[in-house]
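One structure is given here, and the rest of the page talks about it.
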Amino acid sequence: MSAVATTASRREIIDAAKAVIEQYDYPITVRQLYYRLVAALVIENSQREYKRVVSAMTAARKAGEITPTAFADPTRRMLAGHGYLNLAAYLSTFRDGYYRDPWQDQANEVWVMVEKEALASVFQHPCDEMSVPLMVCRGYPSISALYEAAQSLAYYQSRRELHILYFGDHDPSGKDIDRNIADEIDFWASGEGRDIGNALMRIALTTEQIGKYNLPPMPEKEGDSRTPAFQAEHGEGMSVELDALDPDILDRMVRDEIAVLIDWDAWEASERKQTTDRKRLHRMIDGANR
């Protein structure tokens, strides 16, 4: 990647950010925007420039140049109360809320795991559309989360072939997290002879993808005990965040990896069954609302 010749002004950062945001029909994170600007040679890859992007986006949103909802923030959620205007309003929520599980007719069971919560919105789109469970690990998952996942995966393993698609950073800790998840799932899975961990496959990031997409590295974290072994295996300057991949590329990766595991004849038959079931549900709701 060529070096950035000059430091971009705040005006140039905002204008470039607008062009990036317009490319996506869903919110991205400020971190993803930062990497898109690095890739476009607008800014250099450094913590100082990242802070400048954060500051510029704050100013641009307050000035009305960029909509406040342009960026995803999955770490903060509003917990709202519940209630409906009347019975008809409540029943209307069910009209198109019924989705038949298309995987019950498949030979495979597919899960997606992503290391970073900041990328949850990117992964949620393809996973929702393809009815695949998404587990957001937030680094090393807790024992509670791993235990619950292990019990569910053990249940499905007895019925279908498991495929766990993992997406994480390529850095000393990131490369260890999927190993930890596989070991812990095997430990907590109920029953003897479980070998669920072997179903976990790292889809991204890989060294091949770093080279293919010319992804910018980040310095290894100081004090990480895994750094010497990581550098011995991969060399220095090979720590790259998953966020550095274009969100559209991540979306396509998820869809492509899931698609090859689908029996499409069975999938389409399930969709026809869902359409029939929805028509029955609509008639039931319309009758109750009279």
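The chains in the structure tokens are called A, B, ... from first to last as shown; in each chain the residues are counted from 1, and the ligands are counted from 1 in the order shown.
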
Tell me which protein, DNA and RNA residues are within 7 Å of stretch 157-162 of chain A, counting only C-alpha atoms, leaving out same-chain ones fewer than 6 positions away, and put them as number ranges by chain. A: 107-110, 199

Write a file of the just-selected residues containing N, CA and C atoms, as an mmCIF file, in the first residue's frame.
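Everything below was put into again_20.cif:
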```cif
data_model
loop_
_atom_site.group_PDB
_atom_site.id
_atom_site.type_symbol
_atom_site.label_atom_id
_atom_site.label_comp_id
_atom_site.auth_asym_id
_atom_site.auth_seq_id
_atom_site.Cartn_x
_atom_site.Cartn_y
_atom_site.Cartn_z
ATOM 1 N N ALA A 107 -29.424 -31.298 5.485
ATOM 2 C CA ALA A 107 -28.488 -32.270 6.061
ATOM 3 C C ALA A 107 -27.446 -31.588 6.934
ATOM 4 N N ASN A 108 -27.305 -30.248 6.783
ATOM 5 C CA ASN A 108 -26.302 -29.496 7.521
ATOM 6 C C ASN A 108 -26.941 -28.540 8.522
ATOM 7 N N GLU A 109 -26.222 -28.256 9.582
ATOM 8 C CA GLU A 109 -26.577 -27.216 10.553
ATOM 9 C C GLU A 109 -25.426 -26.220 10.546
ATOM 10 N N VAL A 110 -25.726 -24.949 10.272
ATOM 11 C CA VAL A 110 -24.688 -23.932 10.109
ATOM 12 C C VAL A 110 -24.857 -22.833 11.152
ATOM 13 N N ALA A 199 -15.805 -28.996 14.031
ATOM 14 C CA ALA A 199 -16.741 -28.394 13.080
ATOM 15 C C ALA A 199 -16.466 -26.908 12.876
#
```

Long-range neighbours of stretch 135-147 of chain A as a PyMOL selection string, 7 Å cut-off, only C-alpha atoms, 6 positions minimum in chain: chain A and resi 112-117+120+177+184-185+188

Same residues, C-alpha atoms, output as a PDB file, in the first residue's frame:
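So again-v2.pdb came out as:
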```pdb
ATOM      1  CA  VAL A 112     -21.694 -18.183  12.314  1.00  0.00           C
ATOM      2  CA  MET A 113     -19.406 -16.828  15.037  1.00  0.00           C
ATOM      3  CA  VAL A 114     -17.760 -13.404  14.918  1.00  0.00           C
ATOM      4  CA  GLU A 115     -15.135 -12.179  17.364  1.00  0.00           C
ATOM      5  CA  LYS A 116     -16.158  -8.514  17.467  1.00  0.00           C
ATOM      6  CA  GLU A 117     -19.443  -7.019  18.588  1.00  0.00           C
ATOM      7  CA  ALA A 120     -22.541  -7.634  14.534  1.00  0.00           C
ATOM      8  CA  ILE A 177      -9.831 -17.301  20.290  1.00  0.00           C
ATOM      9  CA  GLU A 184     -14.349 -25.162  25.445  1.00  0.00           C
ATOM     10  CA  ILE A 185     -17.316 -26.311  23.354  1.00  0.00           C
ATOM     11  CA  TRP A 188     -18.985 -28.371  27.907  1.00  0.00           C
TER      12      TRP A 188
END
```

Per residue of stretch 51-165 of chain A within 10 Å of stretch 251-265 of chain A, what are the shortest atom pair and its distance in Å to one decimal, counting only C-alpha atoms, with rows by chain and residue number, as a tab-separated table?
```
residue	atom	partner	partner_atom	distance
A:Pro102	CA	A:Ile262	CA	9.7
A:Trp103	CA	A:Ile262	CA	8.4
A:Asp105	CA	A:Asp263	CA	8.6
A:Gln106	CA	A:Asp263	CA	6.4
A:Ala107	CA	A:Asp263	CA	7.8
A:Asn108	CA	A:Leu261	CA	6.6
A:Glu109	CA	A:Leu261	CA	8.6
A:Val110	CA	A:Ile258	CA	7.2
A:Trp111	CA	A:Ile258	CA	9.0
A:Val112	CA	A:Val254	CA	8.2
A:Val122	CA	A:Asp251	CA	6.7
A:Phe123	CA	A:Asp251	CA	6.6
A:Gln124	CA	A:Asp251	CA	9.2
A:His125	CA	A:Asp251	CA	7.8
A:Pro126	CA	A:Arg255	CA	6.1
A:Cys127	CA	A:Val254	CA	7.8
A:Glu129	CA	A:Arg255	CA	9.3
A:Met130	CA	A:Arg255	CA	7.9
A:Val132	CA	A:Ile258	CA	8.5
A:His163	CA	A:Leu261	CA	8.6
A:Leu165	CA	A:Glu257	CA	7.9
```

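The coordinates place atom CA of A:Ala60 at 26.9 Å from atom CA of A:Leu215.
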
Can you pull out the residues contacting A:Glu49? Cut-off 10 Å, using only C-alpha atoms, and skip same-chain residues under 3 positions away; I want them as number ranges by chain. A: 7-8, 34, 38, 43-46, 52-55

Take the selection from the previous step and output its residues with all heavy atoms, as a PDB file, in the first residue's frame.
```pdb
ATOM      1  N   THR A   7      -1.262  14.947   5.056  1.00  0.00           N
ATOM      2  CA  THR A   7      -2.308  14.706   6.045  1.00  0.00           C
ATOM      3  C   THR A   7      -3.599  15.364   5.581  1.00  0.00           C
ATOM      4  O   THR A   7      -3.629  16.557   5.282  1.00  0.00           O
ATOM      5  CB  THR A   7      -1.896  15.288   7.410  1.00  0.00           C
ATOM      6  OG1 THR A   7      -0.691  14.649   7.835  1.00  0.00           O
ATOM      7  CG2 THR A   7      -2.984  15.053   8.439  1.00  0.00           C
ATOM      8  N   ALA A   8      -4.669  14.591   5.513  1.00  0.00           N
ATOM      9  CA  ALA A   8      -5.948  15.129   5.055  1.00  0.00           C
ATOM     10  C   ALA A   8      -6.509  16.098   6.082  1.00  0.00           C
ATOM     11  O   ALA A   8      -6.374  15.921   7.294  1.00  0.00           O
ATOM     12  CB  ALA A   8      -6.930  13.988   4.821  1.00  0.00           C
ATOM     13  N   TYR A  34     -12.919   4.149   9.117  1.00  0.00           N
ATOM     14  CA  TYR A  34     -11.491   4.453   9.226  1.00  0.00           C
ATOM     15  C   TYR A  34     -10.673   3.583   8.277  1.00  0.00           C
ATOM     16  O   TYR A  34      -9.809   4.081   7.540  1.00  0.00           O
ATOM     17  CB  TYR A  34     -11.057   4.257  10.676  1.00  0.00           C
ATOM     18  CG  TYR A  34      -9.571   4.103  10.896  1.00  0.00           C
ATOM     19  CD1 TYR A  34      -8.704   5.184  10.777  1.00  0.00           C
ATOM     20  CD2 TYR A  34      -9.035   2.852  11.229  1.00  0.00           C
ATOM     21  CE1 TYR A  34      -7.342   5.033  10.983  1.00  0.00           C
ATOM     22  CE2 TYR A  34      -7.677   2.693  11.427  1.00  0.00           C
ATOM     23  CZ  TYR A  34      -6.831   3.786  11.309  1.00  0.00           C
ATOM     24  OH  TYR A  34      -5.489   3.633  11.522  1.00  0.00           O
ATOM     25  N   VAL A  38      -8.300   4.551   5.108  1.00  0.00           N
ATOM     26  CA  VAL A  38      -6.904   4.109   5.004  1.00  0.00           C
ATOM     27  C   VAL A  38      -6.674   3.451   3.639  1.00  0.00           C
ATOM     28  O   VAL A  38      -5.691   3.741   2.941  1.00  0.00           O
ATOM     29  CB  VAL A  38      -6.540   3.136   6.140  1.00  0.00           C
ATOM     30  CG1 VAL A  38      -5.179   2.485   5.885  1.00  0.00           C
ATOM     31  CG2 VAL A  38      -6.526   3.862   7.485  1.00  0.00           C
ATOM     32  N   ILE A  43      -6.022   8.851   4.612  1.00  0.00           N
ATOM     33  CA  ILE A  43      -5.296   9.021   5.863  1.00  0.00           C
ATOM     34  C   ILE A  43      -4.300   7.878   6.016  1.00  0.00           C
ATOM     35  O   ILE A  43      -4.409   6.864   5.333  1.00  0.00           O
ATOM     36  CB  ILE A  43      -6.249   9.040   7.081  1.00  0.00           C
ATOM     37  CG1 ILE A  43      -7.097   7.764   7.106  1.00  0.00           C
ATOM     38  CG2 ILE A  43      -7.126  10.287   7.080  1.00  0.00           C
ATOM     39  CD1 ILE A  43      -7.956   7.612   8.338  1.00  0.00           C
ATOM     40  N   GLU A  44      -3.362   8.054   6.941  1.00  0.00           N
ATOM     41  CA  GLU A  44      -2.426   6.972   7.229  1.00  0.00           C
ATOM     42  C   GLU A  44      -3.008   6.059   8.295  1.00  0.00           C
ATOM     43  O   GLU A  44      -4.003   6.402   8.957  1.00  0.00           O
ATOM     44  CB  GLU A  44      -1.086   7.542   7.694  1.00  0.00           C
ATOM     45  CG  GLU A  44      -1.170   8.287   9.012  1.00  0.00           C
ATOM     46  CD  GLU A  44       0.159   8.864   9.457  1.00  0.00           C
ATOM     47  OE1 GLU A  44       1.089   8.934   8.633  1.00  0.00           O
ATOM     48  OE2 GLU A  44       0.257   9.259  10.634  1.00  0.00           O
ATOM     49  N   ASN A  45      -2.420   4.910   8.458  1.00  0.00           N
ATOM     50  CA  ASN A  45      -2.902   3.918   9.417  1.00  0.00           C
ATOM     51  C   ASN A  45      -2.203   4.136  10.758  1.00  0.00           C
ATOM     52  O   ASN A  45      -1.107   3.651  10.992  1.00  0.00           O
ATOM     53  CB  ASN A  45      -2.616   2.510   8.883  1.00  0.00           C
ATOM     54  CG  ASN A  45      -3.166   1.428   9.792  1.00  0.00           C
ATOM     55  OD1 ASN A  45      -4.099   1.669  10.544  1.00  0.00           O
ATOM     56  ND2 ASN A  45      -2.580   0.251   9.722  1.00  0.00           N
ATOM     57  N   SER A  46      -2.851   4.904  11.633  1.00  0.00           N
ATOM     58  CA  SER A  46      -2.279   5.182  12.948  1.00  0.00           C
ATOM     59  C   SER A  46      -3.397   5.526  13.923  1.00  0.00           C
ATOM     60  O   SER A  46      -4.494   5.940  13.519  1.00  0.00           O
ATOM     61  CB  SER A  46      -1.285   6.350  12.883  1.00  0.00           C
ATOM     62  OG  SER A  46      -1.953   7.573  12.640  1.00  0.00           O
ATOM     63  N   ARG A  52      -8.677  11.293  14.805  1.00  0.00           N
ATOM     64  CA  ARG A  52      -9.111  12.419  13.974  1.00  0.00           C
ATOM     65  C   ARG A  52     -10.401  12.067  13.231  1.00  0.00           C
ATOM     66  O   ARG A  52     -11.286  12.921  13.059  1.00  0.00           O
ATOM     67  CB  ARG A  52      -8.021  12.799  12.977  1.00  0.00           C
ATOM     68  CG  ARG A  52      -6.786  13.438  13.612  1.00  0.00           C
ATOM     69  CD  ARG A  52      -5.796  13.874  12.546  1.00  0.00           C
ATOM     70  NE  ARG A  52      -6.352  14.961  11.762  1.00  0.00           N
ATOM     71  CZ  ARG A  52      -6.333  15.042  10.438  1.00  0.00           C
ATOM     72  NH1 ARG A  52      -5.804  14.060   9.725  1.00  0.00           N
ATOM     73  NH2 ARG A  52      -6.845  16.078   9.823  1.00  0.00           N
ATOM     74  N   VAL A  53     -10.520  10.829  12.772  1.00  0.00           N
ATOM     75  CA  VAL A  53     -11.746  10.409  12.090  1.00  0.00           C
ATOM     76  C   VAL A  53     -12.925  10.446  13.057  1.00  0.00           C
ATOM     77  O   VAL A  53     -14.004  10.952  12.714  1.00  0.00           O
ATOM     78  CB  VAL A  53     -11.576   8.988  11.494  1.00  0.00           C
ATOM     79  CG1 VAL A  53     -12.918   8.456  10.983  1.00  0.00           C
ATOM     80  CG2 VAL A  53     -10.554   9.000  10.372  1.00  0.00           C
ATOM     81  N   VAL A  54     -12.736   9.942  14.277  1.00  0.00           N
ATOM     82  CA  VAL A  54     -13.800   9.970  15.284  1.00  0.00           C
ATOM     83  C   VAL A  54     -14.235  11.404  15.547  1.00  0.00           C
ATOM     84  O   VAL A  54     -15.437  11.719  15.588  1.00  0.00           O
ATOM     85  CB  VAL A  54     -13.322   9.308  16.597  1.00  0.00           C
ATOM     86  CG1 VAL A  54     -14.368   9.506  17.694  1.00  0.00           C
ATOM     87  CG2 VAL A  54     -13.067   7.819  16.379  1.00  0.00           C
ATOM     88  N   SER A  55     -13.279  12.294  15.715  1.00  0.00           N
ATOM     89  CA  SER A  55     -13.586  13.701  15.975  1.00  0.00           C
ATOM     90  C   SER A  55     -14.322  14.343  14.804  1.00  0.00           C
ATOM     91  O   SER A  55     -15.302  15.078  14.990  1.00  0.00           O
ATOM     92  CB  SER A  55     -12.291  14.465  16.258  1.00  0.00           C
ATOM     93  OG  SER A  55     -12.546  15.841  16.428  1.00  0.00           O
TER      94      SER A  55
END
```

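Neighbours of A:Thr275 closer than or equal to 12 Å, with only C-alpha atoms counted and sequence neighbours fewer than 3 positions away skipped, come out as Arg95, Asp96, Gly97, Tyr98, Tyr99, Arg100, Glu268, Ala269, Ser270, Glu271, Arg272, Arg278, Lys279, Arg280, Leu281 and His282 of chain A.
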
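You can rank A:Gln151, A:Gln32, A:Gln274, A:Ser131 by their closest distance to A:Leu245 using only C-alpha atoms, and at the top of that list sits A:Gln32.
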
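Residues in contact range of stretch 204-214 of chain A, defined as at most 9 Å between only C-alpha atoms, with sequence neighbours fewer than 4 positions away removed, read A:Met1, A:Ala39, A:Leu165, A:Tyr166, A:Phe167, A:Gly168, A:Asp169, A:His170, A:Lys175, A:His234, A:Met238, A:Val240, A:Glu241, A:Leu242, A:Leu245, A:Leu250, A:Met253.
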
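Taking atom CA of A:Asp248 and atom CA of A:Ser9 as endpoints, the distance between them is 27.1 Å.
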
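If you look at atom CA of A:Val42 and atom CA of A:Asp25, they are 22.3 Å away from each other.
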
Rank A:Ile14, A:Gly197, A:Arg283, A:Tyr24 by their smallest atom-to-atom distance to A:Arg61, using only C-alpha atoms, and report the top residue only. A:Ile14

If you run DSSP on the backbone here, which positions in stretch 108-249 of chain A get helix (DSSP H, G or I)? Please write them as a VMD selection string. chain A and resid 117 to 129 143 to 157 174 to 188 196 to 199 207 to 212 227 to 234 242 to 244 247 to 249

Please produce a file of the residues just selected, as a short mmCIF file (atom, residue, chain, number, x, y, z; two decimals), in the first residue's frame, where the atoms kept are C-alpha atoms.
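Contents of part.cif, as written:
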```
data_model
loop_
_atom_site.label_atom_id
_atom_site.label_comp_id
_atom_site.auth_asym_id
_atom_site.auth_seq_id
_atom_site.Cartn_x
_atom_site.Cartn_y
_atom_site.Cartn_z
CA GLU A 117 -19.44 -7.02 18.59
CA ALA A 118 -18.73 -3.92 16.51
CA LEU A 119 -19.27 -6.06 13.38
CA ALA A 120 -22.54 -7.63 14.53
CA SER A 121 -24.69 -5.46 12.24
CA VAL A 122 -22.65 -6.48 9.17
CA PHE A 123 -23.04 -10.19 9.94
CA GLN A 124 -26.65 -9.97 11.06
CA HIS A 125 -27.91 -9.09 7.56
CA PRO A 126 -26.81 -12.28 5.77
CA CYS A 127 -27.41 -14.47 8.82
CA ASP A 128 -30.99 -13.22 9.23
CA GLU A 129 -31.74 -13.61 5.54
CA ILE A 143 -18.17 -19.85 30.20
CA SER A 144 -21.92 -19.21 30.37
CA ALA A 145 -22.08 -18.39 26.66
CA LEU A 146 -19.89 -21.34 25.70
CA TYR A 147 -21.88 -23.76 27.85
CA GLU A 148 -25.17 -22.69 26.27
CA ALA A 149 -23.67 -22.89 22.78
CA ALA A 150 -22.22 -26.34 23.50
CA GLN A 151 -25.59 -27.71 24.63
CA SER A 152 -27.35 -26.39 21.53
CA LEU A 153 -24.63 -27.62 19.19
CA ALA A 154 -24.66 -31.07 20.79
CA TYR A 155 -28.41 -31.24 20.19
CA TYR A 156 -28.04 -30.36 16.50
CA GLN A 157 -25.01 -32.62 16.05
CA GLY A 174 -7.55 -13.24 17.67
CA LYS A 175 -5.79 -16.31 16.29
CA ASP A 176 -6.16 -18.03 19.66
CA ILE A 177 -9.83 -17.30 20.29
CA ASP A 178 -11.21 -19.84 17.80
CA ARG A 179 -8.89 -22.48 19.28
CA ASN A 180 -10.24 -21.65 22.73
CA ILE A 181 -13.86 -21.78 21.54
CA ALA A 182 -13.39 -25.21 19.95
CA ASP A 183 -11.75 -26.62 23.09
CA GLU A 184 -14.35 -25.16 25.44
CA ILE A 185 -17.32 -26.31 23.35
CA ASP A 186 -15.97 -29.86 23.42
CA PHE A 187 -15.47 -29.63 27.18
CA TRP A 188 -18.99 -28.37 27.91
CA ILE A 196 -17.92 -30.56 18.05
CA GLY A 197 -14.80 -28.38 18.01
CA ASN A 198 -13.66 -29.91 14.71
CA ALA A 199 -16.74 -28.39 13.08
CA THR A 207 -2.81 -14.62 5.79
CA GLU A 208 -3.98 -15.22 2.22
CA GLN A 209 -6.78 -12.67 2.59
CA ILE A 210 -4.41 -10.10 4.09
CA GLY A 211 -2.29 -10.31 0.96
CA LYS A 212 -5.18 -10.58 -1.48
CA THR A 227 2.87 -12.16 20.59
CA PRO A 228 6.27 -13.95 20.40
CA ALA A 229 4.70 -17.20 19.13
CA PHE A 230 2.48 -15.28 16.71
CA GLN A 231 5.42 -13.35 15.27
CA ALA A 232 7.50 -16.52 15.03
CA GLU A 233 4.76 -18.13 12.91
CA HIS A 234 3.58 -15.16 10.84
CA LEU A 242 -11.30 -8.08 10.77
CA ASP A 243 -12.75 -4.55 10.46
CA ALA A 244 -10.16 -3.83 7.76
CA PRO A 247 -18.20 -4.78 4.77
CA ASP A 248 -19.48 -5.84 1.35
CA ILE A 249 -16.70 -8.41 1.10
#
```
